[in-house]
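Colleague: Quick one: this structure, given as structure tokens, is what I'll be asking you about.
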Protein chains: 4
Amino acid sequence: MICIISATNRQQALTPQVAQHYQNQLHEAGIPSQILDLQGLPPDFAYSALYQNAGKNPAFNQFQEVIDRHEKFIFVVPEYNGSFPGVLKTFIDGLRYPGSFQDKKAALVGLSSGMQGGALALSHLSDILAYLGTDVLSLRLKLYRIEAHFAEGKLTLPLFNDLLSQQIARFQKF
Amino acid sequence: MICIISATNRQQALTPQVAQHYQNQLHEAGIPSQILDLQGLPPDFAYSALYQNAGKNPAFNQFQEVIDRHEKFIFVVPEYNGSFPGVLKTFIDGLRYPGSFQDKKAALVGLSSGMQGGALALSHLSDILAYLGTDVLSLRLKLYRIEAHFAEGKLTLPLFNDLLSQQIARFQKF
Amino acid sequence: MICIISATNRQQALTPQVAQHYQNQLHEAGIPSQILDLQGLPPDFAYSALYQNAGKNPAFNQFQEVIDRHEKFIFVVPEYNGSFPGVLKTFIDGLRYPGSFQDKKAALVGLSSGMQGGALALSHLSDILAYLGTDVLSLRLKLYRIEAHFAEGKLTLPLFNDLLSQQIARFQKF
Amino acid sequence: MICIISATNRQQALTPQVAQHYQNQLHEAGIPSQILDLQGLPPDFAYSALYQNAGKNPAFNQFQEVIDRHEKFIFVVPEYNGSFPGVLKTFIDGLRYPGSFQDKKAALVGLSSGMQGGALALSHLSDILAYLGTDVLSLRLKLYRIEAHFAEGKLTLPLFNDLLSQQIARFQKF
């Protein structure tokens, strides 16, 4: 059972749609998965679920439980301001440490309007996951110019679909 | 006039105290400054001040105005989970783009309980500031084992005080 | 007087041509410059000019002298294996430390066959230059798909020419 | 069979001794290994084994064969100028691509005289290995102030020995 993290709280973002597409592809490959959409985080979680309030926000705790139930994660990460969304890191800062991601596995997907495909976002996130004890699959998807390459719930660039299939296959054995 | 950003919303963190110490040192050097403490951000700003709500939260807008009034910034950044606090990046994600940091200058100070002094946090932040158009001073302070090296409002390791003085001197000419 | 470092020893690479184009643009802006082409490094410099042999290779010492004479550098950096060429870092490892780059200024240009434009190469290089004490201009040029966008000695994508002009203008004031 | 890469060509460096210590620990754990010491690279390999000369230097080809025979690698990486040695990246630039590291596994050990333990060196190297298709173990050893913590062929800081044992155990299952 894989957990797909849709890594932004922005509404009407493409990110949840790409996460849904990823889930569909996992489903076709016979791999069960669950989407964890950061849009559902409580609005004040940066205060009510962190530091001295760790563990005290029931709505946030449901997110913690989803993380705790899974061993494998796909991070679908849009590029904001040259890196990942701050909300993703704030979410991680609110999770129990150690234990939330220790000895688990992750694969990374970056999305961008521009040409980078989130290259730096995924590099930064890899450093953080290494710190947390999560092994990261080497094949990082960098879906550049995503608005031009995603339509009707599907990636339209064959290269991206090929890479996504490769990532699924490699992550299954990881 | 320099703006010192105390880059966490965690209460009772050492970060605001180090920011205060930095301000004292600037004052001794005859350089006026203002501290912008992210503890004061509205609790739900990750929702009420970002994306479709950009510009709509008056309390957040006051932070925007402080950024707008300054050309030079000191980021005092604690290391959380192998990088900067998510709240710092979420704060940046809420600021007007472009314009908030374009053609401005920054110097970076990392704090950590461990040995890194925020080396990766400052590397990640440098990438983001480059994206935003902010030139970053090469001398990055990495204040490792900060709990052991900070007491009664002052850095107690002579090396750290030397480096801080160097950073101030170089940032003045930057 | 700006030093343009053509940061590969690969022959028939596009890198020296882009360096030449950069010099032409500087010339048009009335800014004198000199190209330092790493193709000219002595073949065995990784041994004969490093560590216990530092300073002992006269051909390498000429490169050191060019570095010593300049305060401002443009690094033109092709992307090899997801980062900068190893030869560039080996060259830096052979230069006198500290002093070669301390308190100097740099601007970065990345080239790639693929879509990244050397984003990670320039991030890594920025970390190294920060260590060396070199302030790096925030505007990093990322010239992606360079083979498709460079012909007859010129960049053919208007976006790239615009960015290059901006970089020159900002570097002049840096 | 694990390949331990001693990632510098510097003579009398501590790196080969730490590589030897690592091999001893693997041996005690019943895991066979081979050290590949970059001190043995041909002096002019940056020219005679790269680009148009790829595959033409018999002495370098022996290094290629060692890489080809192994599926798992320990990189023992000293920190030079805020990153890995240029010679390590030049070595990688000389190896056949793709194929040398694709679908293989790596674990990283950083050494430094200072406090970082090669944090940035290992971050940069992780990006490169991701590009090459090599999965990297999350647990990165950062052996700071190595001169003070290594004597008579052994790590003397119990923390370092604990982490090294953990890395071996986790890498065996990786």
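Chain labels follow the order of the structure tokens: the first chain is A, the next B, and so on; residue numbering restarts at 1 in every chain, and ligands are counted from 1 in their shown order.
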Name the residues in contact with range 33-49 of chain B at a cut-off of 7 Å, using only C-alpha atoms, excluding same-chain residues fewer than 4 positions from it; report them as a VMD selection string.
Modeller: (chain A and resid 43 to 44 46 to 47) or (chain B and resid 1 to 11 16 23 53 to 57 59 to 60 90 94)
Colleague: Pull out every residue of chain B that has at least one atom within 12 Å of chain C, counting only C-alpha atoms, and report them as a PDB file with N, CA and C atoms, in the first residue's frame.
Modeller:
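Output saved as selection.pdb:
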ATOM      1  N   PHE B 101      11.625  40.532  -2.926  1.00  0.00           N
ATOM      2  CA  PHE B 101      13.066  40.383  -2.656  1.00  0.00           C
ATOM      3  C   PHE B 101      13.937  40.702  -3.871  1.00  0.00           C
ATOM      4  N   GLN B 102      13.323  41.051  -4.981  1.00  0.00           N
ATOM      5  CA  GLN B 102      14.084  41.300  -6.224  1.00  0.00           C
ATOM      6  C   GLN B 102      15.093  42.428  -6.030  1.00  0.00           C
ATOM      7  N   ASP B 103      16.330  42.191  -6.481  1.00  0.00           N
ATOM      8  CA  ASP B 103      17.387  43.218  -6.440  1.00  0.00           C
ATOM      9  C   ASP B 103      17.704  43.673  -5.020  1.00  0.00           C
ATOM     10  N   LYS B 104      17.509  42.791  -4.068  1.00  0.00           N
ATOM     11  CA  LYS B 104      17.858  43.110  -2.691  1.00  0.00           C
ATOM     12  C   LYS B 104      19.045  42.244  -2.248  1.00  0.00           C
ATOM     13  N   LYS B 105      19.448  42.402  -1.001  1.00  0.00           N
ATOM     14  CA  LYS B 105      20.648  41.737  -0.486  1.00  0.00           C
ATOM     15  C   LYS B 105      20.307  40.951   0.768  1.00  0.00           C
ATOM     16  N   ALA B 106      20.989  39.827   0.977  1.00  0.00           N
ATOM     17  CA  ALA B 106      20.751  39.038   2.181  1.00  0.00           C
ATOM     18  C   ALA B 106      22.046  38.458   2.723  1.00  0.00           C
ATOM     19  N   ALA B 107      22.054  38.255   4.043  1.00  0.00           N
ATOM     20  CA  ALA B 107      23.125  37.494   4.698  1.00  0.00           C
ATOM     21  C   ALA B 107      22.453  36.446   5.578  1.00  0.00           C
ATOM     22  N   LEU B 108      23.095  35.295   5.715  1.00  0.00           N
ATOM     23  CA  LEU B 108      22.448  34.149   6.337  1.00  0.00           C
ATOM     24  C   LEU B 108      23.171  33.698   7.608  1.00  0.00           C
ATOM     25  N   ALA B 119      23.991  23.963   7.753  1.00  0.00           N
ATOM     26  CA  ALA B 119      24.677  24.054   6.454  1.00  0.00           C
ATOM     27  C   ALA B 119      23.722  23.779   5.293  1.00  0.00           C
ATOM     28  N   LEU B 120      22.926  22.726   5.400  1.00  0.00           N
ATOM     29  CA  LEU B 120      22.000  22.410   4.306  1.00  0.00           C
ATOM     30  C   LEU B 120      20.849  23.404   4.264  1.00  0.00           C
ATOM     31  N   ALA B 121      20.360  23.822   5.425  1.00  0.00           N
ATOM     32  CA  ALA B 121      19.290  24.834   5.461  1.00  0.00           C
ATOM     33  C   ALA B 121      19.714  26.080   4.691  1.00  0.00           C
ATOM     34  N   LEU B 122      20.943  26.524   4.914  1.00  0.00           N
ATOM     35  CA  LEU B 122      21.412  27.751   4.261  1.00  0.00           C
ATOM     36  C   LEU B 122      21.657  27.531   2.771  1.00  0.00           C
ATOM     37  N   SER B 123      22.096  26.322   2.414  1.00  0.00           N
ATOM     38  CA  SER B 123      22.252  26.005   0.994  1.00  0.00           C
ATOM     39  C   SER B 123      20.901  26.049   0.285  1.00  0.00           C
ATOM     40  N   HIS B 124      19.891  25.423   0.875  1.00  0.00           N
ATOM     41  CA  HIS B 124      18.550  25.422   0.277  1.00  0.00           C
ATOM     42  C   HIS B 124      18.009  26.852   0.177  1.00  0.00           C
ATOM     43  N   LEU B 125      18.179  27.604   1.255  1.00  0.00           N
ATOM     44  CA  LEU B 125      17.662  28.974   1.270  1.00  0.00           C
ATOM     45  C   LEU B 125      18.369  29.842   0.225  1.00  0.00           C
ATOM     46  N   SER B 126      19.664  29.602   0.031  1.00  0.00           N
ATOM     47  CA  SER B 126      20.399  30.351  -0.995  1.00  0.00           C
ATOM     48  C   SER B 126      19.817  30.101  -2.383  1.00  0.00           C
ATOM     49  N   ASP B 127      19.442  28.861  -2.662  1.00  0.00           N
ATOM     50  CA  ASP B 127      18.819  28.561  -3.957  1.00  0.00           C
ATOM     51  C   ASP B 127      17.522  29.345  -4.125  1.00  0.00           C
ATOM     52  N   ILE B 128      16.730  29.404  -3.063  1.00  0.00           N
ATOM     53  CA  ILE B 128      15.441  30.103  -3.126  1.00  0.00           C
ATOM     54  C   ILE B 128      15.659  31.601  -3.302  1.00  0.00           C
ATOM     55  N   LEU B 129      16.598  32.152  -2.560  1.00  0.00           N
ATOM     56  CA  LEU B 129      16.869  33.585  -2.682  1.00  0.00           C
ATOM     57  C   LEU B 129      17.429  33.923  -4.062  1.00  0.00           C
ATOM     58  N   ALA B 130      18.240  33.037  -4.618  1.00  0.00           N
ATOM     59  CA  ALA B 130      18.710  33.265  -5.993  1.00  0.00           C
ATOM     60  C   ALA B 130      17.519  33.326  -6.941  1.00  0.00           C
ATOM     61  N   TYR B 131      16.577  32.423  -6.767  1.00  0.00           N
ATOM     62  CA  TYR B 131      15.376  32.436  -7.607  1.00  0.00           C
ATOM     63  C   TYR B 131      14.623  33.758  -7.453  1.00  0.00           C
ATOM     64  N   LEU B 132      14.566  34.272  -6.241  1.00  0.00           N
ATOM     65  CA  LEU B 132      13.817  35.503  -5.965  1.00  0.00           C
ATOM     66  C   LEU B 132      14.561  36.760  -6.396  1.00  0.00           C
ATOM     67  N   GLY B 133      15.826  36.610  -6.803  1.00  0.00           N
ATOM     68  CA  GLY B 133      16.590  37.771  -7.253  1.00  0.00           C
ATOM     69  C   GLY B 133      17.331  38.490  -6.149  1.00  0.00           C
ATOM     70  N   THR B 134      17.591  37.797  -5.052  1.00  0.00           N
ATOM     71  CA  THR B 134      18.294  38.394  -3.912  1.00  0.00           C
ATOM     72  C   THR B 134      19.742  37.933  -3.902  1.00  0.00           C
ATOM     73  N   ASP B 135      20.665  38.856  -3.928  1.00  0.00           N
ATOM     74  CA  ASP B 135      22.077  38.485  -3.839  1.00  0.00           C
ATOM     75  C   ASP B 135      22.406  38.119  -2.400  1.00  0.00           C
ATOM     76  N   VAL B 136      23.111  37.009  -2.229  1.00  0.00           N
ATOM     77  CA  VAL B 136      23.396  36.492  -0.892  1.00  0.00           C
ATOM     78  C   VAL B 136      24.885  36.624  -0.597  1.00  0.00           C
ATOM     79  N   LEU B 137      25.210  37.190   0.538  1.00  0.00           N
ATOM     80  CA  LEU B 137      26.609  37.323   0.957  1.00  0.00           C
ATOM     81  C   LEU B 137      27.237  35.933   1.088  1.00  0.00           C
ATOM     82  N   SER B 138      28.461  35.805   0.612  1.00  0.00           N
ATOM     83  CA  SER B 138      29.085  34.475   0.626  1.00  0.00           C
ATOM     84  C   SER B 138      29.305  33.952   2.048  1.00  0.00           C
ATOM     85  N   LEU B 139      29.632  34.825   2.970  1.00  0.00           N
ATOM     86  CA  LEU B 139      29.929  34.367   4.333  1.00  0.00           C
ATOM     87  C   LEU B 139      28.645  33.956   5.056  1.00  0.00           C
ATOM     88  N   ARG B 140      28.435  32.666   5.166  1.00  0.00           N
ATOM     89  CA  ARG B 140      27.264  32.120   5.848  1.00  0.00           C
ATOM     90  C   ARG B 140      27.695  31.702   7.252  1.00  0.00           C
ATOM     91  N   LEU B 141      27.053  32.248   8.272  1.00  0.00           N
ATOM     92  CA  LEU B 141      27.380  31.834   9.646  1.00  0.00           C
ATOM     93  C   LEU B 141      26.689  30.517   9.949  1.00  0.00           C
ATOM     94  N   LYS B 142      27.443  29.586  10.470  1.00  0.00           N
ATOM     95  CA  LYS B 142      26.867  28.291  10.854  1.00  0.00           C
ATOM     96  C   LYS B 142      27.130  28.073  12.342  1.00  0.00           C
ATOM     97  N   GLN B 166      32.728  39.843  11.280  1.00  0.00           N
ATOM     98  CA  GLN B 166      33.123  39.837   9.864  1.00  0.00           C
ATOM     99  C   GLN B 166      31.913  39.945   8.950  1.00  0.00           C
ATOM    100  N   GLN B 167      30.849  39.212   9.318  1.00  0.00           N
ATOM    101  CA  GLN B 167      29.661  39.232   8.462  1.00  0.00           C
ATOM    102  C   GLN B 167      29.056  40.639   8.418  1.00  0.00           C
ATOM    103  N   ALA B 169      30.614  43.457   8.887  1.00  0.00           N
ATOM    104  CA  ALA B 169      31.495  44.357   8.128  1.00  0.00           C
ATOM    105  C   ALA B 169      31.344  44.134   6.626  1.00  0.00           C
ATOM    106  N   ARG B 170      31.291  42.861   6.235  1.00  0.00           N
ATOM    107  CA  ARG B 170      31.186  42.588   4.804  1.00  0.00           C
ATOM    108  C   ARG B 170      29.802  42.936   4.271  1.00  0.00           C
ATOM    109  N   PHE B 171      28.768  42.744   5.100  1.00  0.00           N
ATOM    110  CA  PHE B 171      27.406  43.027   4.632  1.00  0.00           C
ATOM    111  C   PHE B 171      27.188  44.531   4.462  1.00  0.00           C
ATOM    112  N   LYS B 173      29.303  46.592   3.260  1.00  0.00           N
ATOM    113  CA  LYS B 173      29.848  47.001   1.954  1.00  0.00           C
ATOM    114  C   LYS B 173      29.154  46.299   0.787  1.00  0.00           C
ATOM    115  N   PHE B 174      28.302  45.329   1.084  1.00  0.00           N
ATOM    116  CA  PHE B 174      27.723  44.464   0.040  1.00  0.00           C
ATOM    117  C   PHE B 174      26.621  45.194  -0.713  1.00  0.00           C
TER     118      PHE B 174
END
Colleague: Extract the full set of helix (DSSP H, G or I) residues from chain B according to DSSP on the backbone, and format it as a PyMOL selection string.
Modeller: chain B and resi 15-28+38-40+45-48+51-53+58-69+86-94+119-132+146-149+158-173
Colleague: Would you save the residues of that selection, restricted to C-alpha atoms, as a short mmCIF file (atom, residue, chain, number, x, y, z; two decimals), in the first residue's frame?
Modeller:
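Output file result.cif follows:
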data_model
loop_
_atom_site.label_atom_id
_atom_site.label_comp_id
_atom_site.auth_asym_id
_atom_site.auth_seq_id
_atom_site.Cartn_x
_atom_site.Cartn_y
_atom_site.Cartn_z
CA THR B 15 16.24 32.06 17.39
CA PRO B 16 14.65 35.38 18.49
CA GLN B 17 17.34 35.75 21.15
CA VAL B 18 20.08 35.29 18.56
CA ALA B 19 18.25 37.79 16.33
CA GLN B 20 18.24 40.21 19.26
CA HIS B 21 21.95 39.64 19.83
CA TYR B 22 22.57 40.30 16.15
CA GLN B 23 20.62 43.54 16.43
CA ASN B 24 22.70 44.57 19.43
CA GLN B 25 25.87 44.00 17.45
CA LEU B 26 24.53 46.02 14.53
CA HIS B 27 23.61 48.78 16.97
CA GLU B 28 27.15 48.83 18.38
CA LEU B 38 7.80 35.12 12.38
CA GLN B 39 6.25 34.23 15.74
CA GLY B 40 3.88 37.11 15.04
CA PHE B 45 -1.59 32.46 7.36
CA ALA B 46 -0.74 29.35 5.31
CA TYR B 47 -4.34 29.49 4.12
CA SER B 48 -5.56 33.04 4.69
CA TYR B 51 -2.60 31.79 -3.34
CA GLN B 52 -6.18 32.96 -3.96
CA ASN B 53 -6.03 34.81 -0.63
CA PRO B 58 -4.28 42.48 7.00
CA ALA B 59 -2.04 41.03 9.70
CA PHE B 60 0.07 39.29 7.05
CA ASN B 61 0.11 42.45 4.96
CA GLN B 62 1.95 44.19 7.78
CA PHE B 63 4.74 41.66 7.34
CA GLN B 64 4.69 42.36 3.60
CA GLU B 65 5.09 46.07 4.30
CA VAL B 66 8.13 45.48 6.48
CA ILE B 67 9.72 43.43 3.69
CA ASP B 68 8.85 46.13 1.17
CA ARG B 69 10.49 48.85 3.23
CA GLY B 86 8.71 25.13 6.77
CA VAL B 87 7.14 28.27 8.14
CA LEU B 88 9.94 30.40 6.65
CA LYS B 89 9.27 29.04 3.17
CA THR B 90 5.50 29.34 3.65
CA PHE B 91 6.05 32.97 4.63
CA ILE B 92 8.05 33.51 1.43
CA ASP B 93 5.33 31.74 -0.57
CA GLY B 94 2.85 34.29 0.79
CA ALA B 119 24.68 24.05 6.45
CA LEU B 120 22.00 22.41 4.31
CA ALA B 121 19.29 24.83 5.46
CA LEU B 122 21.41 27.75 4.26
CA SER B 123 22.25 26.01 0.99
CA HIS B 124 18.55 25.42 0.28
CA LEU B 125 17.66 28.97 1.27
CA SER B 126 20.40 30.35 -1.00
CA ASP B 127 18.82 28.56 -3.96
CA ILE B 128 15.44 30.10 -3.13
CA LEU B 129 16.87 33.59 -2.68
CA ALA B 130 18.71 33.27 -5.99
CA TYR B 131 15.38 32.44 -7.61
CA LEU B 132 13.82 35.50 -5.97
CA ILE B 146 23.97 26.74 19.74
CA GLU B 147 22.61 25.77 23.17
CA ALA B 148 26.19 25.28 24.36
CA HIS B 149 27.44 28.50 22.79
CA PRO B 158 34.85 33.69 20.42
CA LEU B 159 34.94 32.14 16.94
CA PHE B 160 31.25 32.88 16.50
CA ASN B 161 31.62 36.48 17.61
CA ASP B 162 34.53 36.96 15.23
CA LEU B 163 32.55 35.55 12.33
CA LEU B 164 29.52 37.65 13.21
CA SER B 165 31.65 40.81 13.22
CA GLN B 166 33.12 39.84 9.86
CA GLN B 167 29.66 39.23 8.46
CA ILE B 168 28.46 42.64 9.62
CA ALA B 169 31.50 44.36 8.13
CA ARG B 170 31.19 42.59 4.80
CA PHE B 171 27.41 43.03 4.63
CA GLN B 172 27.78 46.76 5.15
CA LYS B 173 29.85 47.00 1.95
#
Colleague: In Å to one decimal, how far is CA of Arg145 in chain D from CA of Phe84 in chain D?
Modeller: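 If I compute the distance from CA of Phe84 in chain D to CA of Arg145 in chain D, I get 16.0 Å.
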Colleague: When DSSP works through the backbone of this structure, what residues of chain D end up as strand (DSSP E or B), shown as JSON, numbers by chain?
Modeller: {"D": [2, 3, 4, 5, 6, 33, 34, 35, 36, 37, 72, 73, 74, 75, 76, 77, 78, 80, 83, 104, 105, 106, 107, 108, 109, 110, 111, 134, 135, 136, 141, 142, 143, 150, 151, 154, 155]}
Colleague: Which is closest to Ser112 in chain B among B:Gly82, B:Gly99, B:Phe75, B:Tyr144, if we use only C-alpha atoms?
Modeller: B:Tyr144
